[in-house]
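Novice: Would you mind keeping the following structure in view while I ask a few things?
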Amino acid sequence: MKQSNDDGLNASEIEWRCQRIRKALAANDLEALLIFSPAWRRENVRYLSDAALEASAAFAYLPSSGAVTAFACSNEDELSLRKSGFVSDIRLIDFPDVVHIADCIGADLRSGRIGLAGLEFLPQRIMAQLQALLPHIEFQRASALMDSVRLVKSDLEISRLRAGGVICDKSWQAFLDACRPGAREFEIIAGVEARLRGEGAEDNFMIIASGGTEVMGMTPPSDRRLKVGDLVRTELTPQTRGYWTQICRTAVIGEPSARQKESFALFEEAVAAGIAVIKPGVTAHDVAKAENDVFRRHGYGEYCTSEYTRVRGHCLGLHLDEYPILEDESTVLEKNSVLIVHPNTYTPLAGYFVLGDPVVVTERGAERLLSTPRQLSVVPV
């Protein structure tokens with residue numbers, strides 16, 4: 001596919017996305033796709049619209065042939081959809097009334113099976129209304145279908161994730177600049193937020209943890225003050241033009257101890273091992289296993305379990321934790337999948353430790369989206 005112009009989604013980009021969905025629909029014996037996106041899970045409607053939406057809900061409909069229809073639930077979202085230029089057929093509806101959506105589907109299909117992405121979020125009363133208005137239509141769950149569609153990124157999508165990587169680099173430096181003895185966690189986060197917003201990020205998801213071996217995980221920022229000898233860990237995830245890119249790093253206040261250095265070396269080896277196996281055709285679990293094998297080889301296998309950690313990484317895109325996660329997952333990674341490898345977990349060496357890089361899957365292996373080196377950053381005191 002040719003490189004798209006990021007001033008707006010061009011015709012080839014739109015067609016590429018629609019064809020990916022239609023191929024998946026055909027493979028699942030589905031004749032069309034209806035997407036419901038609540039306020040907290042907008043990724044699928046954004047995939048088909050490239051519009052930043054703010055209302056409590058939005059819908060999109062893709063027939064087996066023809067153009068996308070988007071349904072806005074506020075005047076502001078209607079305007080955003082029109083500005084994006086992706087969808088030409090935009091209809092304003094009075095949510096939760098879905099009569100106009102049913103009319104659109106009914107004009108396209110009298111009967112058949114339709115995939116419904118976001119069915120698990122759709123209120124039962126609204127689902128019942130759709131079924132009553134479309135008695136000859138069978139709705140099938142299609143959220144997993146859309147997860148698989150979004151796994152492979154276009155050139156334009158990767159360019160946006162790269163732009164997010166630049167913001168990650170600058171925001172990590174802002175994080176280090178804000179770390180000093182006596183600084184409170186929320187003050188550090190505030191400094192990072194100011195920097196990344198100034199760099200053009202739309203949003204940011206960020207968690208933090210500071211302290212020693214007692215730290216078992218990360219949380220939203222508290223009023224805890226940093227002390228000399230603390231490790232300060234963060235997952236920093238800015239959103240750029242809809243796409244989330246993440247950096248995982250740990251810093252130390254003052255000179256690191258021998259055990260802190262040993263902990264970094266362990267996690268660096270695990271990250272490097274995970275990245276080294278990445279290529280088209282490997283599974284998400286292959287990457288996780290390569291990371292976990294490092295911990296097992298050094299005698300820390302028990303800390304690979306769910307008691308101490310959640311996942312060894314995940315894909316990135318229009319959602320924070322894109323499918324698949326890197327643990328017990330047989331999904332095959334294809335060329336232009338984008339994921340972050342992060343073996344974040346607790347060990348008794350230095351408590352919870354955070355380290356990870358986002359990468360693009362290429363024919364040559366994994367290509368990093370960051371320029372920030374993987375190192376235990378030392379904050380001078």
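Chain labels run A, B, ... following the order of the structure tokens; each chain numbers its residues from 1, and ligands are numbered from 1 in the order shown.
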Tell me, as a PyMOL selection string, which residues lie within 10 Å of A:Gly365, counting only C-alpha atoms; anything in the same chain fewer than 4 positions away does not count.

Specialist: chain A and resi 275-280+335+359-361

Novice: Just the residues within 6 Å of A:Ser84, please, counting only C-alpha atoms, with nothing from its chain fewer than 2 positions along; format it as a PyMOL selection string.

Specialist: chain A and resi 50-51+81-82+86

Novice: Residues of stretch 39-80 of chain A that have any atom at most 12 Å from an atom of stretch 7-23 of chain A: could you tabulate them with the shortest-distance atom pair and the distance in Å to one decimal, using only C-alpha atoms, ordered by chain and increasing number, as CSV?

Specialist:
```
residue,atom,partner,partner_atom,distance
A:Asn44,CA,A:Ile21,CA,10.9
A:Val45,CA,A:Arg17,CA,12.0
A:Arg46,CA,A:Arg17,CA,11.5
A:Tyr47,CA,A:Arg17,CA,7.9
A:Leu48,CA,A:Arg17,CA,7.5
A:Ser49,CA,A:Ile14,CA,8.9
A:Asp50,CA,A:Leu9,CA,7.7
A:Ala51,CA,A:Gly8,CA,10.5
A:Tyr61,CA,A:Cys18,CA,11.0
A:Leu62,CA,A:Cys18,CA,7.9
A:Pro63,CA,A:Arg22,CA,8.5
A:Ser64,CA,A:Arg22,CA,6.5
A:Ser65,CA,A:Arg22,CA,8.5
A:Gly66,CA,A:Cys18,CA,9.7
A:Ala67,CA,A:Cys18,CA,8.8
A:Val68,CA,A:Cys18,CA,8.5
```

Novice: Can you list, as a ChimeraX atom specification, every protein, DNA or RNA residue that comes within 6 Å of stretch 234-243 of chain A when you count only C-alpha atoms, leaving out same-chain residues fewer than 3 positions away?

Specialist: /A:164,201-208,246-249,317-318

Novice: Which stretch 335-354 of chain A residues have any atom within 10 Å of an atom of stretch 325-331 of chain A, and for each, what is the nearest pair of atoms with distance in Å to one decimal, counting only C-alpha atoms, rows sorted by chain and number, as JSON lines?

Specialist:
```
{"residue": "A:Leu339", "atom": "CA", "partner": "A:Ile325", "partner_atom": "CA", "distance": 9.0}
{"residue": "A:Ile340", "atom": "CA", "partner": "A:Leu326", "partner_atom": "CA", "distance": 9.1}
{"residue": "A:Val341", "atom": "CA", "partner": "A:Leu326", "partner_atom": "CA", "distance": 8.1}
{"residue": "A:His342", "atom": "CA", "partner": "A:Leu326", "partner_atom": "CA", "distance": 9.3}
{"residue": "A:Pro343", "atom": "CA", "partner": "A:Leu326", "partner_atom": "CA", "distance": 9.7}
```

Novice: Output C-alpha atoms of each residue in that selection to a file, as an mmCIF file, in the first residue's frame.

Specialist:
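Contents of selection_29.cif, freshly written:
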```
data_model
loop_
_atom_site.group_PDB
_atom_site.id
_atom_site.type_symbol
_atom_site.label_atom_id
_atom_site.label_comp_id
_atom_site.auth_asym_id
_atom_site.auth_seq_id
_atom_site.Cartn_x
_atom_site.Cartn_y
_atom_site.Cartn_z
ATOM 1 C CA LEU A 339 3.382 -4.070 20.088
ATOM 2 C CA ILE A 340 5.224 -3.168 23.265
ATOM 3 C CA VAL A 341 7.476 -5.724 24.950
ATOM 4 C CA HIS A 342 7.484 -5.032 28.703
ATOM 5 C CA PRO A 343 8.258 -7.771 31.265
#
```

Novice: Restricting the calculation to only C-alpha atoms: of A:Glu157, A:Asp97, A:Asp321, A:Asp147, which residue gets closest to A:Ile126?

Specialist: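 Closest to A:Ile126 of all the choices is A:Asp97.
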
Novice: Between A:His100, A:His136, A:His314, A:His285, single out the one closest to A:Thr245, counting only C-alpha atoms.

Specialist: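 Under the stated criterion, the closest residue is A:His314.
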
Novice: Could you work out how far atom CA of A:Leu25 lies from atom CA of A:Gly85, giving the answer in Å with one decimal?

Specialist: 24.4 Å

Novice: Could you give me, as an MDAnalysis selection string, the residues within 12 Å of A:Pro135, counting only C-alpha atoms and dropping anything in the same chain fewer than 2 positions from it?

Specialist: chainID A and resid 102 105:106 109:113 127:133 137:139

Novice: Going by DSSP on the backbone, which bits of stretch 71-289 of chain A are helix (DSSP H, G or I)? Write them as a PyMOL selection string, please.

Specialist: chain A and resi 75-84+99-108+119-121+124-133+143-151+155-178+185-198+258-276+284-289

Novice: Enter the distance from atom CA of A:Leu370 to atom CA of A:Gly165, in Å, rounded to one decimal.

Specialist: 5.2 Å
